file model-v9.csv (CSV, C-alpha atoms and all ligand atoms)
chain,number,residue,atom,x,y,z
A,111,MET,CA,12.7,3.5,4.5
A,112,ARG,CA,11.7,7.1,3.6
A,113,ILE,CA,8.3,7.7,1.9
A,114,ASP,CA,7.5,11.1,0.4
A,115,ILE,CA,3.8,11.5,-0.5
A,116,ILE,CA,2.7,14.3,-2.8
A,117,THR,CA,-1.0,15.1,-2.4
A,118,ILE,CA,-3.5,17.9,-2.3
A,119,PHE,CA,-5.2,16.3,0.7
A,120,PRO,CA,-2.4,15.6,3.3
A,121,GLU,CA,-5.1,15.5,6.1
A,122,MET,CA,-6.5,12.3,4.6
A,123,PHE,CA,-3.4,10.4,5.9
A,124,GLN,CA,-3.7,11.5,9.5
A,125,GLY,CA,-6.1,8.6,10.5
A,126,PRO,CA,-4.3,5.7,8.8
A,127,PHE,CA,-0.8,6.9,9.8
A,128,SER,CA,-1.5,7.7,13.5
A,129,HIS,CA,-2.5,4.3,14.7
A,130,SER,CA,-1.4,0.7,14.9
A,131,ILE,CA,1.5,-0.7,13.0
A,132,ILE,CA,2.4,2.5,10.9
A,133,LYS,CA,2.4,4.6,14.1
A,134,ARG,CA,4.6,2.1,15.9
A,135,ALA,CA,7.0,1.9,12.9
A,136,THR,CA,7.2,5.7,12.7
A,137,ASP,CA,7.7,6.0,16.5
A,138,LYS,CA,10.5,3.5,16.3
A,139,GLN,CA,12.0,5.4,13.3
A,140,LEU,CA,11.8,2.4,11.1
A,141,VAL,CA,9.9,4.4,8.5
A,142,ASP,CA,10.0,8.2,7.8
A,143,ILE,CA,6.9,9.4,6.1
A,144,HIS,CA,6.7,13.0,4.7
A,145,LEU,CA,3.5,14.5,3.3
A,146,HIS,CA,3.9,17.3,0.8
A,147,GLN,CA,1.0,19.7,0.0
A,148,LEU,CA,1.2,20.0,-3.8
A,149,ARG,CA,-0.4,23.4,-3.8
A,150,ASN,CA,2.7,24.8,-2.1
A,151,TYR,CA,4.6,24.1,-5.3
A,152,ALA,CA,2.2,26.0,-7.5
A,153,THR,CA,3.6,29.1,-9.1
A,154,ASP,CA,0.5,31.4,-9.2
A,155,LYS,CA,-1.1,33.2,-6.3
A,156,HIS,CA,-4.2,31.0,-6.3
A,157,LYS,CA,-2.1,27.9,-5.8
A,158,LYS,CA,-3.6,26.3,-8.9
A,159,VAL,CA,-2.7,22.7,-9.6
A,160,ASP,CA,-5.2,21.7,-12.3
A,161,ASP,CA,-6.3,23.0,-15.6
A,162,TYR,CA,-8.7,22.3,-18.5
A,163,PRO,CA,-7.7,19.4,-20.8
A,164,PHE,CA,-6.4,20.3,-24.3
A,165,SER,CA,-8.7,17.7,-25.8
A,166,GLY,CA,-11.8,19.4,-24.4
A,167,GLY,CA,-14.4,17.4,-22.5
A,168,ALA,CA,-15.3,17.2,-18.9
A,169,GLY,CA,-12.9,17.1,-15.9
A,170,MET,CA,-9.7,18.9,-15.0
A,171,VAL,CA,-6.1,17.6,-15.4
A,172,MET,CA,-3.4,18.0,-12.9
A,173,MET,CA,-0.7,20.4,-14.2
A,174,ILE,CA,3.0,19.5,-14.8
A,175,GLU,CA,4.7,22.4,-13.2
A,176,PRO,CA,3.7,22.0,-9.5
A,177,ILE,CA,4.4,18.3,-9.6
A,178,ASP,CA,7.7,18.7,-11.4
A,179,ASN,CA,8.7,21.4,-8.9
A,180,CYS,CA,7.9,19.2,-5.9
A,181,ILE,CA,9.6,16.0,-7.3
A,182,SER,CA,12.7,18.1,-8.4
A,183,SER,CA,13.0,19.6,-4.9
A,184,LEU,CA,12.9,16.2,-3.3
A,185,LYS,CA,15.4,14.7,-5.8
A,186,LYS,CA,17.8,17.5,-5.0
A,187,GLU,CA,18.0,16.2,-1.4
A,188,ARG,CA,18.4,12.4,-2.1
A,189,SER,CA,18.0,9.8,-4.8
A,190,TYR,CA,14.8,7.7,-5.1
A,191,ASP,CA,14.4,4.0,-5.9
A,192,GLU,CA,11.0,4.8,-7.6
A,193,VAL,CA,8.7,7.7,-8.3
A,194,ILE,CA,5.3,6.0,-8.1
A,195,TYR,CA,2.0,7.3,-9.5
A,196,LEU,CA,-1.1,5.7,-8.0
A,197,SER,CA,-3.5,5.1,-10.8
A,198,PRO,CA,-6.3,2.6,-11.6
A,199,ASP,CA,-4.6,1.6,-14.8
A,200,GLY,CA,-1.2,0.8,-13.1
A,201,GLU,CA,0.3,-2.6,-12.2
A,202,VAL,CA,-2.0,-4.2,-9.6
A,203,PHE,CA,-0.4,-4.1,-6.1
A,204,ASN,CA,0.1,-7.6,-4.6
A,205,GLN,CA,2.2,-9.3,-2.0
A,206,GLY,CA,5.0,-10.0,-4.4
A,207,LEU,CA,5.2,-6.3,-5.2
A,208,ALA,CA,5.0,-5.3,-1.6
A,209,ASN,CA,7.9,-7.7,-0.7
A,210,GLN,CA,10.0,-6.3,-3.6
A,211,MET,CA,9.3,-2.6,-2.7
A,212,SER,CA,10.0,-3.2,1.1
A,213,SER,CA,13.7,-3.4,0.3
A,214,TYR,CA,13.7,0.2,-1.1
A,215,ASP,CA,15.3,3.1,0.8
A,216,ASN,CA,13.4,6.1,-0.6
A,217,ILE,CA,10.2,6.3,-2.6
A,218,ILE,CA,7.9,9.0,-3.8
A,219,LEU,CA,4.1,8.4,-4.0
A,220,LEU,CA,2.2,10.8,-6.2
A,221,CYS,CA,-1.6,10.9,-5.6
A,222,GLY,CA,-3.7,12.0,-8.6
A,223,HIS,CA,-7.1,13.6,-8.7
A,224,TYR,CA,-9.7,14.8,-11.2
A,225,LYS,CA,-9.2,13.3,-14.7
A,226,GLY,CA,-5.6,12.4,-13.9
A,227,ILE,CA,-2.2,14.0,-14.4
A,228,ASP,CA,-0.7,15.5,-17.6
A,229,GLU,CA,0.7,12.5,-19.5
A,230,ARG,CA,4.1,14.1,-19.8
A,231,ILE,CA,4.6,13.6,-16.0
A,232,ARG,CA,4.0,9.9,-16.5
A,233,THR,CA,6.4,9.8,-19.4
A,234,HIS,CA,9.2,11.7,-18.0
A,235,LEU,CA,9.0,11.6,-14.2
A,236,ILE,CA,7.2,8.5,-13.1
A,237,THR,CA,9.1,5.2,-12.9
A,238,ARG,CA,6.2,3.0,-11.8
A,239,GLU,CA,2.4,3.1,-11.7
A,240,ILE,CA,0.5,1.1,-9.1
A,241,SER,CA,-3.2,0.3,-8.9
A,242,ILE,CA,-4.8,-1.2,-5.8
A,243,GLY,CA,-7.5,-2.9,-7.8
A,244,ASP,CA,-9.8,-2.7,-10.7
A,245,TYR,CA,-12.1,0.1,-9.5
A,246,VAL,CA,-11.9,3.9,-9.6
A,247,LEU,CA,-11.4,5.8,-6.4
A,248,SER,CA,-11.8,9.6,-6.2
A,249,GLY,CA,-8.1,10.1,-5.8
A,250,GLY,CA,-4.8,8.3,-5.1
A,251,GLU,CA,-4.7,9.0,-1.3
A,252,LEU,CA,-6.5,5.9,-0.1
A,253,ALA,CA,-4.5,3.8,-2.6
A,254,ALA,CA,-1.2,5.4,-1.3
A,255,ALA,CA,-2.2,4.6,2.3
A,256,VAL,CA,-2.9,1.0,1.3
A,257,VAL,CA,0.5,0.7,-0.3
A,258,VAL,CA,2.3,2.3,2.7
A,259,ASP,CA,0.6,-0.1,5.1
A,260,GLY,CA,1.4,-3.1,2.9
A,261,LEU,CA,5.1,-2.0,2.8
A,262,VAL,CA,5.7,-0.8,6.3
A,263,ARG,CA,4.5,-4.0,8.0
A,264,LEU,CA,7.2,-5.9,6.1
A,265,LEU,CA,10.1,-3.7,7.3
A,266,PRO,CA,12.5,-5.5,9.6
A,267,GLY,CA,11.6,-4.8,13.3
A,268,VAL,CA,8.1,-3.5,12.6
A,269,LEU,CA,6.1,-6.5,13.6
A,270,GLY,CA,6.8,-7.8,17.1
A,271,ASP,CA,7.1,-11.4,16.0
A,272,GLU,CA,9.4,-11.4,13.0
A,273,THR,CA,7.7,-14.5,11.6
A,274,SER,CA,4.2,-13.1,11.6
A,275,ALA,CA,4.6,-11.3,8.3
A,276,LEU,CA,6.1,-14.5,6.8
A,277,SER,CA,3.0,-16.4,7.8
A,278,ASP,CA,0.6,-13.9,6.2
A,279,SER,CA,-1.8,-14.9,3.5
A,280,PHE,CA,-0.1,-14.8,0.0
A,281,GLN,CA,3.5,-15.1,1.4
A,282,ASP,CA,3.7,-18.7,0.3
A,283,GLN,CA,1.2,-18.6,-2.5
A,284,LEU,CA,-1.5,-19.8,-0.1
A,285,VAL,CA,-4.2,-17.9,1.9
A,286,SER,CA,-4.0,-18.2,5.7
A,287,PRO,CA,-5.5,-21.2,7.5
A,288,PRO,CA,-8.3,-20.4,10.1
A,289,VAL,CA,-7.3,-19.4,13.6
A,290,TYR,CA,-9.2,-19.7,16.9
A,291,THR,CA,-8.8,-18.4,20.4
A,292,ARG,CA,-10.5,-19.0,23.8
A,293,PRO,CA,-13.1,-20.2,24.7
A,294,ARG,CA,-12.7,-23.6,23.1
A,295,SER,CA,-16.4,-24.0,22.9
A,296,TYR,CA,-18.9,-21.2,22.5
A,297,LYS,CA,-22.7,-21.8,22.1
A,298,GLY,CA,-21.7,-25.3,21.1
A,299,TRP,CA,-19.4,-24.1,18.4
A,300,ASP,CA,-16.2,-26.1,19.0
A,301,ILE,CA,-12.7,-25.5,17.7
A,302,PRO,CA,-11.2,-28.4,15.6
A,303,GLU,CA,-10.1,-31.2,18.0
A,304,ILE,CA,-6.6,-31.4,16.5
A,305,LEU,CA,-5.7,-28.0,17.8
A,306,LEU,CA,-5.9,-29.4,21.3
A,307,SER,CA,-3.8,-32.4,20.5
A,308,GLY,CA,-0.4,-30.8,21.4
A,309,ASN,CA,1.1,-32.6,18.4
A,310,GLU,CA,3.0,-29.8,16.6
A,311,LYS,CA,3.7,-31.9,13.5
A,312,LEU,CA,0.1,-32.9,13.0
A,313,ILE,CA,-1.1,-29.3,13.7
A,314,SER,CA,1.3,-27.9,11.2
A,315,GLU,CA,0.1,-30.4,8.6
A,316,TRP,CA,-3.5,-29.6,9.4
A,317,LYS,CA,-2.8,-25.8,9.0
A,318,HIS,CA,-1.1,-26.5,5.6
A,319,ASP,CA,-4.1,-28.6,4.4
A,320,GLN,CA,-6.5,-26.0,5.5
A,321,ALA,CA,-4.6,-23.3,3.7
A,322,LEU,CA,-4.4,-25.4,0.6
A,323,GLN,CA,-8.1,-26.2,0.7
A,324,ARG,CA,-9.1,-22.5,1.2
A,325,THR,CA,-6.8,-21.4,-1.6
A,326,LYS,CA,-8.5,-24.0,-4.0
A,327,GLU,CA,-11.9,-22.7,-3.0
A,328,ARG,CA,-11.3,-19.0,-2.7
A,329,ARG,CA,-8.3,-18.2,-4.9
A,330,PRO,CA,-7.7,-21.0,-7.4
A,331,GLY,CA,-5.8,-18.7,-9.6
A,332,MET,CA,-3.0,-18.4,-7.0
A,333,LEU,CA,-2.3,-22.1,-7.4
A,334,GLU,CA,-2.1,-21.9,-11.2
A,335,ASP,CA,0.5,-19.0,-10.8
B,401,LIG,N1,-6.7,6.3,-8.1
B,401,LIG,C1,-8.0,6.1,-8.4
B,401,LIG,N2,-8.3,4.8,-8.3
B,401,LIG,C2,-7.2,4.1,-8.0
B,401,LIG,C3,-6.9,2.7,-7.9
B,401,LIG,N3,-7.8,1.8,-8.0
B,401,LIG,N4,-5.7,2.4,-7.5
B,401,LIG,C4,-4.7,3.3,-7.4
B,401,LIG,N5,-4.9,4.6,-7.5
B,401,LIG,C5,-6.2,5.0,-7.9
call {"tool": "encode", "arguments": {"input": "model-v9.csv", "output": "structure tokens"}}
result
Amino acid sequence: MRIDIITIFPEMFQGPFSHSIIKRATDKQLVDIHLHQLRNYATDKHKKVDDYPFSGGAGMVMMIEPIDNCISSLKKERSYDEVIYLSPDGEVFNQGLANQMSSYDNIILLCGHYKGIDERIRTHLITREISIGDYVLSGGELAAAVVVDGLVRLLPGVLGDETSALSDSFQDQLVSPPVYTRPRSYKGWDIPEILLSGNEKLISEWKHDQALQRTKERRPGMLED
């Protein structure tokens, strides 16, 4: 999968992308992530990418031309499955969407700032809008990093144990059951006896019951869906 990210703060991705699963996936060439500094696509000498809103009022709006220039130059090289704008009023990112998007070959993620982007970009260039939750961040970069992480871990070959993404919370409409590791007793806090039984069938039933109970308590809406 190739992911092109358009941003005025490419440095913000250095931390999240240089560690752990995303780094491993990049090193193994299972994902190819490219960061594009939007200012390089501005046409004036000050590399201006925002301007005052026609409506008046506070805040600046990201201009069409640099974004169009950047997207057009990428589209000249290859076709894209989606051109995605990260926005608090987009479709809320969830595991179903991550699963669906992990089959894409090429995507563009556009990170907004200020009061948002000129609406004509959304109308004419953007094919999908994604939010990572009902709160407003200062820009789309952290949201884009969340989406990339959610997708990359699902790509075949990225996780060591292929089944581990399948047993994630939400994959089967249930949250994950509790897990334990050594020591079996710590300060008198014991692990559930059943996990020491060696009976795989009973353990698997226990895990399922725990997952179901947790889902009822913590995410009852998931069961209704
Ligand atoms: N940009 C600002 N807030 C956001 C959010 N919650 N999700 C996606 N992009 C955003």
call {"tool": "residues_around", "arguments": {"input": "model-v9.csv", "residues": "region 184-196 of chain A", "least_positions_apart": "5", "cutoff": "9 Å", "atoms": "all atoms listed in the file", "output": "tab-separated table (two decimals) with C-alpha atoms, in the coordinates of the input"}}
result
chain	number	residue	atom	x	y	z
A	114	ASP	CA	7.50	11.10	0.40
A	179	ASN	CA	8.70	21.40	-8.90
A	211	MET	CA	9.30	-2.60	-2.70
A	214	TYR	CA	13.70	0.20	-1.10
A	215	ASP	CA	15.30	3.10	0.80
A	216	ASN	CA	13.40	6.10	-0.60
A	217	ILE	CA	10.20	6.30	-2.60
A	218	ILE	CA	7.90	9.00	-3.80
A	219	LEU	CA	4.10	8.40	-4.00
A	220	LEU	CA	2.20	10.80	-6.20
A	221	CYS	CA	-1.60	10.90	-5.60
A	222	GLY	CA	-3.70	12.00	-8.60
A	232	ARG	CA	4.00	9.90	-16.50
A	235	LEU	CA	9.00	11.60	-14.20
A	236	ILE	CA	7.20	8.50	-13.10
A	237	THR	CA	9.10	5.20	-12.90
A	238	ARG	CA	6.20	3.00	-11.80
A	239	GLU	CA	2.40	3.10	-11.70
A	240	ILE	CA	0.50	1.10	-9.10
A	241	SER	CA	-3.20	0.30	-8.90
A	242	ILE	CA	-4.80	-1.20	-5.80
A	249	GLY	CA	-8.10	10.10	-5.80
A	250	GLY	CA	-4.80	8.30	-5.10
A	251	GLU	CA	-4.70	9.00	-1.30
A	253	ALA	CA	-4.50	3.80	-2.60
A	254	ALA	CA	-1.20	5.40	-1.30
call {"tool": "residues_around", "arguments": {"input": "model-v9.csv", "residues": "region 286-294 of chain A", "least_positions_apart": "6", "cutoff": "9 Å", "atoms": "only C-alpha atoms", "output": "short mmCIF file (atom, residue, chain, number, x, y, z; two decimals) with C-alpha atoms, keeping the file's coordinate frame"}}
result
data_model
loop_
_atom_site.label_atom_id
_atom_site.label_comp_id
_atom_site.auth_asym_id
_atom_site.auth_seq_id
_atom_site.Cartn_x
_atom_site.Cartn_y
_atom_site.Cartn_z
CA SER A 277 3.00 -16.40 7.80
CA ASP A 278 0.60 -13.90 6.20
CA SER A 279 -1.80 -14.90 3.50
CA PHE A 280 -0.10 -14.80 0.00
CA ASP A 300 -16.20 -26.10 19.00
CA ILE A 301 -12.70 -25.50 17.70
CA TRP A 316 -3.50 -29.60 9.40
CA LYS A 317 -2.80 -25.80 9.00
CA HIS A 318 -1.10 -26.50 5.60
CA ASP A 319 -4.10 -28.60 4.40
CA GLN A 320 -6.50 -26.00 5.50
CA ALA A 321 -4.60 -23.30 3.70
CA LEU A 322 -4.40 -25.40 0.60
CA GLN A 323 -8.10 -26.20 0.70
CA ARG A 324 -9.10 -22.50 1.20
CA THR A 325 -6.80 -21.40 -1.60
#
call {"tool": "closest_residue", "arguments": {"input": "model-v9.csv", "among": "A:Asp282, A:Glu327, A:Glu201, A:Glu315", "to": "ligand LIG 401 (chain B)", "atoms": "only C-alpha atoms and all ligand atoms"}}
result
A:Glu201
call {"tool": "closest_residue", "arguments": {"input": "model-v9.csv", "among": "A:Pro198, A:Met170, A:Glu334, A:Ile143", "to": "Phe127 (chain A)", "atoms": "only C-alpha atoms"}}
result
A:Ile143
call {"tool": "residues_around", "arguments": {"input": "model-v9.csv", "residues": "Met172 (chain A)", "least_positions_apart": "6", "cutoff": "9 Å", "atoms": "only C-alpha atoms", "output": "ChimeraX atom specification"}}
result
/A:159-162,222-228
call {"tool": "closest_residue", "arguments": {"input": "model-v9.csv", "among": "A:Gln283, A:Thr153, A:Ser307, A:Ser248", "to": "ligand LIG 401 (chain B)", "atoms": "all atoms listed in the file"}}
result
A:Ser248
call {"tool": "closest_residue", "arguments": {"input": "model-v9.csv", "among": "A:Ala275, A:Leu306, A:Val202, A:Ile131", "to": "ligand LIG 401 (chain B)", "atoms": "all atoms listed in the file"}}
result
A:Val202
call {"tool": "residues_around", "arguments": {"input": "model-v9.csv", "residues": "Ser128 (chain A)", "least_positions_apart": "6", "cutoff": "10 Å", "atoms": "all atoms listed in the file", "output": "NGL selection string"}}
result
:A and (134 or 136-137)
call {"tool": "residues_near_point", "arguments": {"input": "model-v9.csv", "point": "(15.7, -3.5, 9.7)", "cutoff": "10 Å", "atoms": "only C-alpha atoms", "output": "ChimeraX atom specification"}}
result
/A:111,140-141,213,264-268
call {"tool": "atom_distance", "arguments": {"input": "model-v9.csv", "atom1": "CA of Pro176 (chain A)", "atom2": "CA of Phe203 (chain A)"}}
result
26.6 Å
